[in-house]
$ cat upload04.txt   # compact mmCIF, C-alpha atoms and all ligand atoms
# COMPACT_ATOMS: atom_id res chain seq x y z
CA MET O 1 18.09 -14.42 18.07
CA SER O 2 14.63 -14.93 16.62
CA ASN O 3 13.86 -17.18 13.68
CA ARG O 4 14.90 -14.95 10.77
CA ARG O 5 13.10 -16.78 8.01
CA SER O 6 9.67 -17.01 9.58
CA PHE O 7 8.82 -13.32 9.28
CA ILE O 8 8.87 -13.00 5.54
CA GLY O 9 8.23 -16.58 4.43
CA LYS O 10 5.41 -15.60 2.07
CA ILE O 11 7.32 -13.05 0.09
CA GLY O 12 7.59 -15.12 -3.10
CA LEU O 13 3.85 -15.57 -3.37
CA ALA O 14 3.13 -11.97 -2.52
CA SER O 15 5.54 -10.82 -5.20
CA ALA O 16 3.90 -12.98 -7.79
CA ALA O 17 0.52 -11.54 -6.93
CA ALA O 18 1.92 -8.04 -7.04
CA VAL O 19 3.50 -8.66 -10.45
CA ALA O 20 0.09 -9.51 -11.85
CA GLY O 21 -1.36 -6.42 -10.16
CA ASN O 22 1.17 -3.85 -11.26
CA ILE O 23 3.74 -4.61 -13.91
CA PHE O 24 5.01 -1.03 -13.85
CA GLN O 25 6.20 -1.09 -10.25
CA PRO O 26 9.91 -2.04 -10.10
CA ALA O 27 10.70 -5.47 -8.64
CA TRP O 28 12.59 -4.08 -5.64
CA SER O 29 9.60 -1.95 -4.72
CA ARG O 30 7.09 -4.83 -5.09
CA ASN O 31 9.29 -7.05 -2.96
CA LEU O 32 9.77 -4.43 -0.27
CA LYS O 33 6.02 -3.87 -0.15
CA SER O 34 5.40 -7.59 0.26
CA ALA O 35 8.11 -7.85 2.91
CA LEU O 36 6.50 -4.98 4.83
CA ASN O 37 3.05 -6.57 4.60
CA ASN O 38 4.41 -9.85 5.87
CA VAL O 39 6.05 -8.39 8.97
CA ALA O 40 3.14 -6.21 10.07
CA GLY O 41 2.79 -7.97 13.43
CA VAL O 42 6.48 -8.41 14.21
CA THR O 43 7.95 -6.24 16.96
CA PRO O 44 10.68 -3.77 15.91
CA ALA O 45 13.18 -5.53 18.20
CA ASP O 46 12.50 -8.92 16.58
CA LEU O 47 12.54 -7.47 13.09
CA ALA O 48 15.91 -5.86 13.80
CA THR O 49 17.51 -9.31 13.65
CA ASP O 50 15.77 -10.40 10.44
CA ASP O 51 18.41 -10.03 7.73
CA GLU O 52 16.08 -11.21 5.02
CA PHE O 53 13.63 -8.41 5.67
CA TRP O 54 16.44 -5.83 5.65
CA TYR O 55 17.75 -7.30 2.41
CA TYR O 56 14.60 -5.94 0.73
CA VAL O 57 15.30 -2.54 2.24
CA GLN O 58 18.85 -2.75 0.88
CA GLN O 59 17.43 -3.30 -2.61
CA SER O 60 15.87 0.18 -2.48
CA TYR O 61 19.35 1.68 -2.65
CA THR O 62 21.90 1.81 -5.47
CA ILE O 63 24.83 1.03 -3.16
CA SER O 64 27.67 -1.18 -4.29
CA SER O 65 28.01 -4.50 -2.50
CA ASN O 66 31.75 -4.71 -3.20
CA PHE O 67 32.57 -1.46 -1.47
CA ILE O 68 31.23 -1.48 2.08
CA ASN O 69 30.37 2.02 3.25
CA LEU O 70 30.52 2.21 7.04
CA ASN O 71 30.78 5.98 7.20
CA ASN O 72 27.09 6.79 7.05
CA GLY O 73 27.73 9.14 9.95
CA GLY O 74 29.48 11.51 7.54
CA VAL O 75 26.65 11.57 5.04
CA SER O 76 24.27 8.87 3.81
CA PRO O 77 23.10 7.84 0.36
CA ALA O 78 19.46 8.52 -0.49
CA PRO O 79 17.17 5.63 -1.49
CA LYS O 80 16.46 5.33 -5.23
CA VAL O 81 13.01 6.92 -4.96
CA VAL O 82 14.57 10.03 -3.45
CA ALA O 83 17.41 10.27 -5.96
CA ASP O 84 14.95 9.73 -8.84
CA ALA O 85 12.63 12.44 -7.55
CA MET O 86 15.50 14.90 -7.24
CA LYS O 87 16.61 14.25 -10.83
CA ARG O 88 13.03 14.52 -12.07
CA TYR O 89 12.49 17.83 -10.27
CA TYR O 90 15.74 19.10 -11.76
CA ASP O 91 14.67 18.16 -15.29
CA ILE O 92 11.32 19.85 -14.82
CA SER O 93 12.95 23.00 -13.41
CA ASN O 94 15.44 23.11 -16.24
CA GLU O 95 12.72 23.33 -18.90
CA ALA O 96 12.02 26.96 -17.89
CA PRO O 97 13.60 27.59 -14.52
CA SER O 98 11.82 30.75 -13.44
CA TYR O 99 8.44 29.22 -14.20
CA PHE O 100 8.87 25.61 -13.14
CA MET O 101 11.22 26.22 -10.22
CA TRP O 102 9.22 29.00 -8.54
CA ARG O 103 5.70 28.37 -9.73
CA VAL O 104 5.70 24.57 -9.76
CA VAL O 105 8.46 22.83 -7.81
CA ASP O 106 8.66 25.36 -4.95
CA GLN O 107 4.91 25.05 -4.40
CA GLY O 108 5.83 21.94 -2.45
CA ARG O 109 7.58 23.96 0.26
CA GLU O 110 4.61 24.52 2.58
CA PRO O 111 3.40 20.91 2.41
CA LEU O 112 7.01 19.82 3.08
CA ARG O 113 7.18 22.11 6.12
CA LYS O 114 4.02 20.45 7.44
CA ASN O 115 5.34 16.95 6.84
CA LEU O 116 8.64 17.70 8.57
CA ALA O 117 6.80 19.30 11.48
CA GLN O 118 4.67 16.19 11.84
CA LEU O 119 7.79 14.03 11.98
CA ALA O 120 9.41 16.40 14.48
CA GLY O 121 6.24 16.66 16.59
CA CYS O 122 6.08 20.45 16.44
CA ASP O 123 4.13 23.20 14.69
CA ALA O 124 4.88 23.85 11.01
CA GLU O 125 5.38 27.52 11.97
CA GLU O 126 8.49 26.42 13.89
CA ILE O 127 10.34 24.77 10.97
CA ALA O 128 12.62 26.61 8.51
CA MET O 129 14.18 24.75 5.59
CA GLN O 130 18.00 24.94 5.58
CA ARG O 131 20.77 23.30 3.60
CA ASN O 132 22.36 21.45 6.49
CA ALA O 133 22.89 21.42 10.26
CA SER O 134 25.75 23.92 10.04
CA GLU O 135 23.53 26.51 8.38
CA ALA O 136 20.68 25.87 10.82
CA LEU O 137 22.83 26.04 13.96
CA GLU O 138 24.97 28.95 12.80
CA THR O 139 21.82 30.93 12.05
CA VAL O 140 21.12 30.78 15.78
CA ILE O 141 24.75 31.17 16.88
CA PHE O 142 25.19 34.36 14.83
CA GLY O 143 21.60 35.52 15.13
CA LEU O 144 21.22 35.91 18.90
CA ASP O 145 21.76 39.27 20.62
CA LEU O 146 24.61 38.62 23.05
CA LYS O 147 26.96 41.19 24.53
CA ALA O 148 30.51 41.17 25.91
CA GLY O 149 30.69 39.13 29.09
CA ASP O 150 27.59 37.00 28.34
CA GLU O 151 28.45 33.32 28.80
CA VAL O 152 27.77 30.36 26.54
CA VAL O 153 28.36 26.80 27.76
CA LEU O 154 29.57 24.22 25.25
CA THR O 155 31.88 21.17 25.13
CA LYS O 156 35.19 20.45 23.49
CA GLN O 157 33.49 17.43 21.93
CA ASP O 158 30.96 19.58 20.00
CA TYR O 159 31.18 19.80 16.21
CA PRO O 160 34.04 21.97 14.80
CA ASN O 161 31.76 24.22 12.71
CA MET O 162 29.76 25.21 15.76
CA ILE O 163 32.91 25.70 17.82
CA ALA O 164 34.42 27.91 15.09
CA ALA O 165 31.26 30.02 14.90
CA TRP O 166 31.18 30.58 18.67
CA LYS O 167 34.90 31.42 18.68
CA GLN O 168 34.23 34.04 16.03
CA ARG O 169 31.66 35.70 18.29
CA GLU O 170 34.12 35.49 21.17
CA LYS O 171 36.76 37.28 19.08
CA ARG O 172 34.48 39.89 17.59
CA GLU O 173 32.19 40.71 20.50
CA GLY O 174 33.86 39.45 23.66
CA ILE O 175 31.25 36.89 24.67
CA LYS O 176 32.72 34.30 27.04
CA LEU O 177 32.86 30.62 26.10
CA VAL O 178 32.74 28.24 29.05
CA TRP O 179 34.18 24.89 28.05
CA ILE O 180 33.25 21.44 29.31
CA ASN O 181 35.56 18.50 28.60
CA LEU O 182 33.47 15.31 28.65
CA GLU O 183 35.02 11.94 29.52
CA LEU O 184 33.32 9.55 27.10
CA PRO O 185 31.79 7.06 26.77
CA SER O 186 29.61 7.42 29.81
CA GLU O 187 26.57 5.53 31.07
CA ASP O 188 26.22 7.86 34.04
CA GLU O 189 23.46 10.39 33.41
CA ASN O 190 24.21 12.24 36.63
CA TYR O 191 27.82 12.74 35.57
CA LEU O 192 26.77 14.01 32.16
CA VAL O 193 24.14 16.42 33.47
CA LYS O 194 26.46 17.69 36.22
CA GLN O 195 29.19 18.65 33.75
CA TYR O 196 26.76 21.15 32.25
CA THR O 197 25.04 22.39 35.40
CA ASP O 198 28.39 22.96 37.14
CA ALA O 199 29.32 25.30 34.29
CA PHE O 200 26.20 27.48 34.66
CA THR O 201 26.67 30.91 36.29
CA PRO O 202 24.37 33.94 36.63
CA LYS O 203 25.94 35.22 33.38
CA THR O 204 25.10 32.09 31.34
CA LYS O 205 22.76 32.99 28.50
CA LEU O 206 22.78 29.81 26.45
CA VAL O 207 23.89 26.19 26.57
CA GLN O 208 24.70 24.25 23.41
CA ILE O 209 24.04 20.53 23.68
CA THR O 210 25.07 18.04 21.00
CA HIS O 211 22.30 15.43 21.14
CA MET O 212 24.66 12.72 19.91
CA ILE O 213 28.42 13.32 20.00
CA ASN O 214 29.39 12.47 16.43
CA TRP O 215 32.93 11.26 17.18
CA ILE O 216 31.85 8.43 19.40
CA GLY O 217 28.08 7.97 19.08
CA GLN O 218 27.35 9.06 22.66
CA LYS O 219 23.76 10.14 23.31
CA LEU O 220 23.43 12.95 25.86
CA PRO O 221 20.50 13.43 28.28
CA VAL O 222 19.36 16.63 26.59
CA LYS O 223 16.04 16.99 28.39
CA LYS O 224 17.60 16.75 31.85
CA ILE O 225 20.25 19.33 30.98
CA ALA O 226 17.62 21.56 29.34
CA ASP O 227 15.29 21.32 32.34
CA ALA O 228 18.12 22.45 34.64
CA ALA O 229 19.02 25.28 32.23
CA LYS O 230 15.42 26.51 32.02
CA LYS O 231 15.24 26.87 35.79
CA LYS O 232 18.02 29.46 35.44
CA ASN O 233 16.53 31.19 32.37
CA ILE O 234 19.28 29.81 30.16
CA GLU O 235 18.35 29.20 26.53
CA VAL O 236 19.00 25.78 24.99
CA LEU O 237 20.41 25.14 21.50
CA VAL O 238 20.49 21.49 20.42
CA ASP O 239 22.75 20.14 17.70
CA GLY O 240 20.63 17.29 16.38
CA ALA O 241 22.67 16.62 13.24
CA HIS O 242 22.96 12.95 14.20
CA THR O 243 19.72 12.26 15.93
CA PHE O 244 16.81 13.36 13.77
CA ALA O 245 15.55 10.17 12.07
CA GLN O 246 18.30 8.00 13.58
CA PHE O 247 16.18 7.17 16.62
CA GLU O 248 12.69 8.03 17.70
CA PHE O 249 11.94 11.25 19.60
CA LYS O 250 9.95 14.45 19.16
CA ILE O 251 11.71 17.82 19.38
CA PRO O 252 9.36 19.36 22.00
CA GLU O 253 10.23 16.45 24.35
CA LEU O 254 13.76 17.87 24.57
CA ASN O 255 12.56 21.17 26.10
CA CYS O 256 14.94 23.14 23.87
CA ASP O 257 14.51 26.54 22.21
CA TYR O 258 16.47 25.85 19.04
CA PHE O 259 17.30 22.62 17.21
CA GLY O 260 19.26 22.23 13.97
CA THR O 261 19.73 19.12 11.89
CA SER O 262 20.85 17.85 8.53
CA LEU O 263 18.51 15.57 6.62
CA HIS O 264 21.23 13.99 4.44
CA LYS O 265 22.56 11.96 7.33
CA TRP O 266 19.69 9.95 8.81
CA LEU O 267 16.51 10.87 6.96
CA GLY O 268 18.03 9.81 3.63
CA ALA O 269 17.16 13.11 1.93
CA PRO O 270 19.39 14.43 -0.89
CA ILE O 271 22.73 15.97 0.03
CA GLY O 272 22.26 19.62 0.96
CA THR O 273 19.11 19.40 3.10
CA GLY O 274 18.37 20.26 6.72
CA PHE O 275 16.06 22.30 8.92
CA LEU O 276 16.02 24.69 11.83
CA TYR O 277 13.43 24.43 14.59
CA VAL O 278 12.80 27.59 16.61
CA ARG O 279 10.30 27.56 19.47
CA LYS O 280 7.52 29.90 18.31
CA GLU O 281 7.92 32.62 20.91
CA LYS O 282 11.68 32.76 20.28
CA ILE O 283 11.52 33.48 16.54
CA LYS O 284 11.52 37.25 17.05
CA ASN O 285 14.76 37.05 19.11
CA VAL O 286 16.91 35.57 16.33
CA TRP O 287 18.28 37.68 13.46
CA PRO O 288 18.15 35.81 10.16
CA MET O 289 21.47 35.07 8.46
CA PHE O 290 20.17 36.66 5.23
CA GLY O 291 18.12 39.84 5.55
CA ALA O 292 14.33 39.49 5.64
CA PRO O 293 11.46 42.02 5.47
CA ASP O 294 10.43 43.57 8.83
CA LYS O 295 6.96 42.13 8.57
CA GLN O 296 8.47 38.67 8.87
CA GLU O 297 10.03 39.36 12.28
CA GLU O 298 7.95 36.69 13.97
CA ASN O 299 7.64 34.43 10.93
CA ILE O 300 9.80 31.30 10.65
CA ARG O 301 10.13 31.93 6.89
CA LYS O 302 12.47 34.85 7.63
CA PHE O 303 15.24 32.21 7.87
CA GLU O 304 14.72 31.11 4.25
CA HIS O 305 15.86 34.21 2.30
CA LEU O 306 18.80 32.51 0.68
CA GLY O 307 17.90 33.55 -2.85
CA THR O 308 17.86 31.32 -5.90
CA ARG O 309 18.95 27.81 -5.02
CA PRO O 310 18.37 24.18 -6.00
CA PHE O 311 14.75 23.75 -4.93
CA TYR O 312 14.76 20.33 -6.58
CA ILE O 313 17.10 19.11 -3.84
CA GLU O 314 14.91 20.41 -1.04
CA GLN O 315 11.71 19.14 -2.61
CA ALA O 316 12.88 15.54 -2.89
CA THR O 317 13.02 15.50 0.93
CA ASP O 318 9.34 14.58 0.84
CA LYS O 319 10.16 11.24 -0.75
CA ALA O 320 12.70 10.60 2.02
CA ILE O 321 9.96 11.21 4.60
CA ASP O 322 7.71 8.70 2.80
CA PHE O 323 10.50 6.13 2.75
CA PHE O 324 11.26 6.71 6.43
CA ASP O 325 7.56 6.40 7.35
CA MET O 326 7.28 3.23 5.31
CA ILE O 327 10.04 1.53 7.30
CA GLY O 328 8.94 3.08 10.61
CA ALA O 329 11.01 5.10 13.08
CA LYS O 330 11.11 2.43 15.78
CA ARG O 331 12.07 -0.34 13.35
CA LYS O 332 14.89 1.75 11.99
CA GLU O 333 16.15 2.63 15.46
CA GLU O 334 16.11 -1.02 16.58
CA ARG O 335 17.89 -2.21 13.44
CA LEU O 336 20.62 0.44 13.76
CA LEU O 337 21.17 -0.42 17.41
CA TYR O 338 21.28 -4.13 16.55
CA LEU O 339 23.85 -3.60 13.78
CA LYS O 340 26.14 -1.51 15.98
CA ASN O 341 25.98 -4.01 18.82
CA TYR O 342 26.41 -6.91 16.35
CA TRP O 343 29.91 -5.87 15.29
CA MET O 344 30.91 -4.49 18.70
CA GLU O 345 30.02 -7.80 20.42
CA ARG O 346 32.13 -9.73 17.92
CA VAL O 347 35.27 -7.66 18.36
CA GLN O 348 35.07 -6.67 22.02
CA ASN O 349 37.03 -9.68 23.32
CA ILE O 350 39.82 -9.57 20.75
CA PRO O 351 43.06 -8.78 22.64
CA LYS O 352 44.09 -5.09 22.41
CA VAL O 353 40.69 -4.07 21.01
CA LYS O 354 38.84 -1.38 22.93
CA ILE O 355 35.18 -0.57 22.38
CA LYS O 356 34.50 3.08 23.13
CA THR O 357 30.73 3.37 22.72
CA SER O 358 27.95 2.15 25.01
CA PHE O 359 25.92 -0.93 24.03
CA LYS O 360 22.89 0.53 25.78
CA LYS O 361 20.07 2.17 23.88
CA GLU O 362 19.94 5.08 26.37
CA PHE O 363 23.50 6.08 25.48
CA GLY O 364 23.97 5.16 21.82
CA CYS O 365 22.37 3.87 18.63
CA ALA O 366 24.00 3.45 15.19
CA ILE O 367 27.52 4.82 15.70
CA GLY O 368 30.36 2.90 17.37
CA LEU O 369 34.02 3.70 17.99
CA VAL O 370 36.78 1.09 18.23
CA SER O 371 40.51 1.34 18.84
CA VAL O 372 43.46 -1.05 18.96
CA ASP O 373 46.14 -0.56 21.61
CA GLY O 374 49.42 0.69 20.16
CA LYS O 375 47.91 1.58 16.77
CA LYS O 376 46.76 4.91 15.39
CA PRO O 377 43.15 5.16 14.13
CA ALA O 378 44.46 6.07 10.65
CA GLU O 379 46.36 2.75 10.49
CA LEU O 380 43.24 0.64 11.12
CA ASP O 381 41.12 2.82 8.82
CA SER O 382 43.61 2.45 5.99
CA TYR O 383 44.08 -1.32 6.58
CA LEU O 384 40.34 -1.94 6.41
CA PHE O 385 39.99 -0.06 3.16
CA THR O 386 43.10 -1.45 1.48
CA ASN O 387 42.47 -5.07 2.37
CA TYR O 388 38.71 -5.35 2.79
CA LYS O 389 37.28 -2.35 0.90
CA VAL O 390 35.54 -1.34 4.10
CA HIS O 391 35.22 2.44 4.29
CA THR O 392 35.37 3.87 7.82
CA VAL O 393 36.80 7.05 9.36
CA GLY O 394 39.69 7.52 11.78
CA ILE O 395 38.91 9.94 14.61
CA GLU O 396 41.35 11.89 16.75
CA TRP O 397 39.58 14.79 18.43
CA GLU O 398 40.26 16.12 21.91
CA ASN O 399 40.31 13.09 24.26
CA ILE O 400 38.67 10.74 21.71
CA SER O 401 40.63 8.37 19.51
CA GLY O 402 39.48 5.42 17.40
CA VAL O 403 37.89 4.30 14.15
CA ARG O 404 34.24 5.26 13.76
CA ILE O 405 31.90 2.66 12.27
CA THR O 406 28.46 3.75 11.12
CA PRO O 407 26.16 1.27 9.38
CA ASN O 408 22.79 2.26 7.91
CA VAL O 409 19.53 0.43 7.14
CA TYR O 410 21.03 -1.00 3.96
CA THR O 411 24.00 -2.54 5.79
CA SER O 412 23.85 -6.34 6.16
CA THR O 413 25.36 -8.44 8.93
CA LYS O 414 27.40 -10.07 6.15
CA ASN O 415 28.98 -6.65 5.53
CA LEU O 416 29.75 -6.38 9.23
CA ASP O 417 31.28 -9.87 9.27
CA ARG O 418 33.81 -8.55 6.77
CA LEU O 419 34.58 -5.65 9.10
CA VAL O 420 35.01 -8.03 12.05
CA GLU O 421 37.37 -10.25 10.03
CA GLY O 422 39.37 -7.15 9.04
CA ILE O 423 39.76 -6.02 12.66
CA GLU O 424 40.78 -9.57 13.72
CA LYS O 425 43.44 -9.79 10.98
CA PHE O 426 44.70 -6.27 11.73
CA VAL O 427 45.28 -7.15 15.37
CA LYS O 428 47.09 -10.41 14.47
CA GLY O 429 49.35 -8.35 12.23
C1 LIG H 1 27.32 16.80 15.61
C2 LIG H 1 27.34 17.43 14.25
N1 LIG H 1 26.88 18.67 14.11
C3 LIG H 1 26.87 19.31 12.93
C4 LIG H 1 27.36 18.68 11.80
C5 LIG H 1 27.36 19.44 10.50
O1 LIG H 1 26.56 18.80 9.57
P1 LIG H 1 26.53 19.36 8.06
O2 LIG H 1 27.90 19.14 7.51
O3 LIG H 1 25.51 18.53 7.39
O4 LIG H 1 26.18 20.79 8.16
C6 LIG H 1 27.87 17.40 11.88
C7 LIG H 1 28.40 16.72 10.70
O5 LIG H 1 28.97 15.65 10.74
C8 LIG H 1 27.85 16.75 13.15
O6 LIG H 1 28.33 15.52 13.29

$ encode --input "upload04.txt" --output "structure tokens" --more "lines below"
Ligand SMILES: Cc1ncc(COP(=O)(O)O)c(C=O)c1O
Amino acid sequence: MSNRRSFIGKIGLASAAAVAGNIFQPAWSRNLKSALNNVAGVTPADLATDDEFWYYVQQSYTISSNFINLNNGGVSPAPKVVADAMKRYYDISNEAPSYFMWRVVDQGREPLRKNLAQLAGCDAEEIAMQRNASEALETVIFGLDLKAGDEVVLTKQDYPNMIAAWKQREKREGIKLVWINLELPSEDENYLVKQYTDAFTPKTKLVQITHMINWIGQKLPVKKIADAAKKKNIEVLVDGAHTFAQFEFKIPELNCDYFGTSLHKWLGAPIGTGFLYVRKEKIKNVWPMFGAPDKQEENIRKFEHLGTRPFYIEQATDKAIDFFDMIGAKRKEERLLYLKNYWMERVQNIPKVKIKTSFKKEFGCAIGLVSVDGKKPAELDSYLFTNYKVHTVGIEWENISGVRITPNVYTSTKNLDRLVEGIEKFVKG
């Protein structure tokens, strides 16, 4: 562990100077700015261990310190700046909705598209705003021309909404679903890639790959699977609900055709935000979920014809991008990995405790799964909440069973110490 205090030793002085400079900036924001200035030369890996720096990040949220939320994998709170912007945009819209919503607030849509594209490393003409990952991914699932007998490869560990959508196409149109059953966790890339490639046949039209399996926090080698699929002219749909803004990557690096994500999980955007990426030359092949004019056939905006909706939610996404950029993608990734490994290291040797997620950065990041021999996940989940006010989620899905723990950038190691104590006491009985 590095020397925690050394990185931000000058924060008091910097705050005082900032107070004189700008009395209107809230204290948490001045302090965070000073903390960021003072760690400019520190590597992300070293900074990951610096609780005092991350304390200033925590102050940018309105989270309660009595109730410890370790289910950020479900959905995450937005930082104050994001929540404030959303409320402000709502108030403005509400003054005269048709004018302010369409002529003022929604004018931010094209700049937002550009900012998201920059973060994703793609062209703005490949990004459509959506309300969540389900909407983005189901737009592709229902929008592709597939006929009876065409095969789609997917896993039993994929997300239920996507599975239900594919099953609907199977029932209605007779497409064939080819199921993979992954044994997880795995640190064997060859095993993971082979499960997919073994399922490919001359009839395979598309493979769906969940970039990070939500139940267990397993990262999959998407690019290697996608490269193998491309050699056989198989299209690639990536479920990135858990990866965009959790760790650093650019969408084109994955070699996929379609990528859908929520932004209310890891980007910290307001609840009800997401986007769909479609490789430019593929746009014309996907029917939009809501009808669009013919002239938009090759235009990514054809996926945005939802009608009147809360633009103030979407627009506050920009503030989440600013906040994310301010912390830095690599710093966030290293901190999340550190927090997950922090609690997993402390419970891994407790008798009967089983850790079910990899410690390695290639195979995991923020999410970890833990189980206790002879106990159901729901028992541990309920014990932690009742006795420690630690909120987690019990998982029983296919061959995966355990309690999922998901910290976020505002989680402290002190919070995780409470989790560790809870697991220790639970095992002792
Ligand atoms: C892997 C995965 N895909 C898709 C989704 C759906 O996300 P949303 O509910 O934001 O549409 C989730 C949500 O937890 C998920 O974990």

$ residues_near_ligand --input "upload04.txt" --ligand "ligand LIG 1 (chain H)" --cutoff "7 Å" --atoms "all atoms listed in the file" --output "ChimeraX atom specification"
/O:73-74,132-135,158-159,161,210,212-214,239-242,262,264

$ atom_distance --input "upload04.txt" --atom1 "atom CA of O:Phe247" --atom2 "atom CA of O:Glu333"
4.7 Å

$ residues_around --input "upload04.txt" --residues "O:Ile175" --least-positions-apart "3" --cutoff "10 Å" --atoms "all atoms listed in the file" --output "list in words"
Leu146, Lys147, Ala148, Gly149, Asp150, Glu151, Val152, Trp166, Lys167, Gln168, Arg169, Glu170, Lys171, Arg172 and Val178 of chain O

$ write_last_selection --input "upload04.txt" --atoms "C-alpha atoms" --output "mmCIF file, in the frame of the given file"
data_model
loop_
_atom_site.group_PDB
_atom_site.id
_atom_site.type_symbol
_atom_site.label_atom_id
_atom_site.label_comp_id
_atom_site.auth_asym_id
_atom_site.auth_seq_id
_atom_site.Cartn_x
_atom_site.Cartn_y
_atom_site.Cartn_z
ATOM 1 C CA LEU O 146 24.610 38.620 23.050
ATOM 2 C CA LYS O 147 26.960 41.190 24.530
ATOM 3 C CA ALA O 148 30.510 41.170 25.910
ATOM 4 C CA GLY O 149 30.690 39.130 29.090
ATOM 5 C CA ASP O 150 27.590 37.000 28.340
ATOM 6 C CA GLU O 151 28.450 33.320 28.800
ATOM 7 C CA VAL O 152 27.770 30.360 26.540
ATOM 8 C CA TRP O 166 31.180 30.580 18.670
ATOM 9 C CA LYS O 167 34.900 31.420 18.680
ATOM 10 C CA GLN O 168 34.230 34.040 16.030
ATOM 11 C CA ARG O 169 31.660 35.700 18.290
ATOM 12 C CA GLU O 170 34.120 35.490 21.170
ATOM 13 C CA LYS O 171 36.760 37.280 19.080
ATOM 14 C CA ARG O 172 34.480 39.890 17.590
ATOM 15 C CA VAL O 178 32.740 28.240 29.050
#

$ atom_distance --input "upload04.txt" --atom1 "atom CA of O:Phe275" --atom2 "atom CA of O:Leu306"
13.4 Å

$ residues_near_point --input "upload04.txt" --point "(23.0, -5.5, 10.2)" --cutoff "10 Å" --atoms "all atoms listed in the file" --output "ChimeraX atom specification"
/O:48-51,54-55,335-343,407-417

$ atom_distance --input "upload04.txt" --atom1 "atom CA of O:Ile234" --atom2 "atom CA of O:Glu297"
22.3 Å

$ closest_residue --input "upload04.txt" --among "O:Ile216, O:Cys365, O:Ala128, O:Val42" --to "O:Lys114" --atoms "all atoms listed in the file"
O:Ala128

$ closest_residue --input "upload04.txt" --among "O:Leu276, O:Ala366, O:Ala292, O:Val153" --to "O:Ala229" --atoms "all atoms listed in the file"
O:Val153

$ residues_around --input "upload04.txt" --residues "O:Glu398" --least-positions-apart "6" --cutoff "9 Å" --atoms "all atoms listed in the file" --output "PyMOL selection string"
chain O and resi 156-157+181

$ residues_near_point --input "upload04.txt" --point "(20.0, 8.5, -2.0)" --cutoff "7 Å" --atoms "all atoms listed in the file" --output "PDB file with C-alpha atoms, in the frame of the given file"
ATOM      1  CA  TYR O  61      19.350   1.680  -2.650  1.00  0.00           C
ATOM      2  CA  PRO O  77      23.100   7.840   0.360  1.00  0.00           C
ATOM      3  CA  ALA O  78      19.460   8.520  -0.490  1.00  0.00           C
ATOM      4  CA  PRO O  79      17.170   5.630  -1.490  1.00  0.00           C
ATOM      5  CA  LYS O  80      16.460   5.330  -5.230  1.00  0.00           C
ATOM      6  CA  VAL O  82      14.570  10.030  -3.450  1.00  0.00           C
ATOM      7  CA  ALA O  83      17.410  10.270  -5.960  1.00  0.00           C
ATOM      8  CA  GLY O 268      18.030   9.810   3.630  1.00  0.00           C
ATOM      9  CA  ALA O 269      17.160  13.110   1.930  1.00  0.00           C
ATOM     10  CA  PRO O 270      19.390  14.430  -0.890  1.00  0.00           C
TER      11      PRO O 270
END

$ closest_residue --input "upload04.txt" --among "O:Asn299, O:Thr392, O:Thr273, O:Gln208" --to "O:Cys256" --atoms "all atoms listed in the file"
O:Gln208

$ residues_around --input "upload04.txt" --residues "stretch 219-223 of chain O" --least-positions-apart "3" --cutoff "6 Å" --atoms "only C-alpha atoms" --output "ChimeraX atom specification"
/O:211-212,226-227,254-255,363-364

$ closest_residue --input "upload04.txt" --among "O:Trp397, O:Phe290, O:Tyr99, O:Phe303" --to "O:Pro377" --atoms "all atoms listed in the file"
O:Trp397

$ closest_residue --input "upload04.txt" --among "O:Asn190, O:Ser76, O:Asn37, O:Gln218" --to "O:Lys360" --atoms "only C-alpha atoms"
O:Gln218

$ closest_residue --input "upload04.txt" --among "O:Gly291, O:Gly274, O:Pro160, O:Pro351" --to "O:Thr317" --atoms "all atoms listed in the file"
O:Gly274

$ residues_around --input "upload04.txt" --residues "O:Ile92" --least-positions-apart "5" --cutoff "12 Å" --atoms "only C-alpha atoms" --output "PyMOL selection string"
chain O and resi 85-87+97-106+311-312
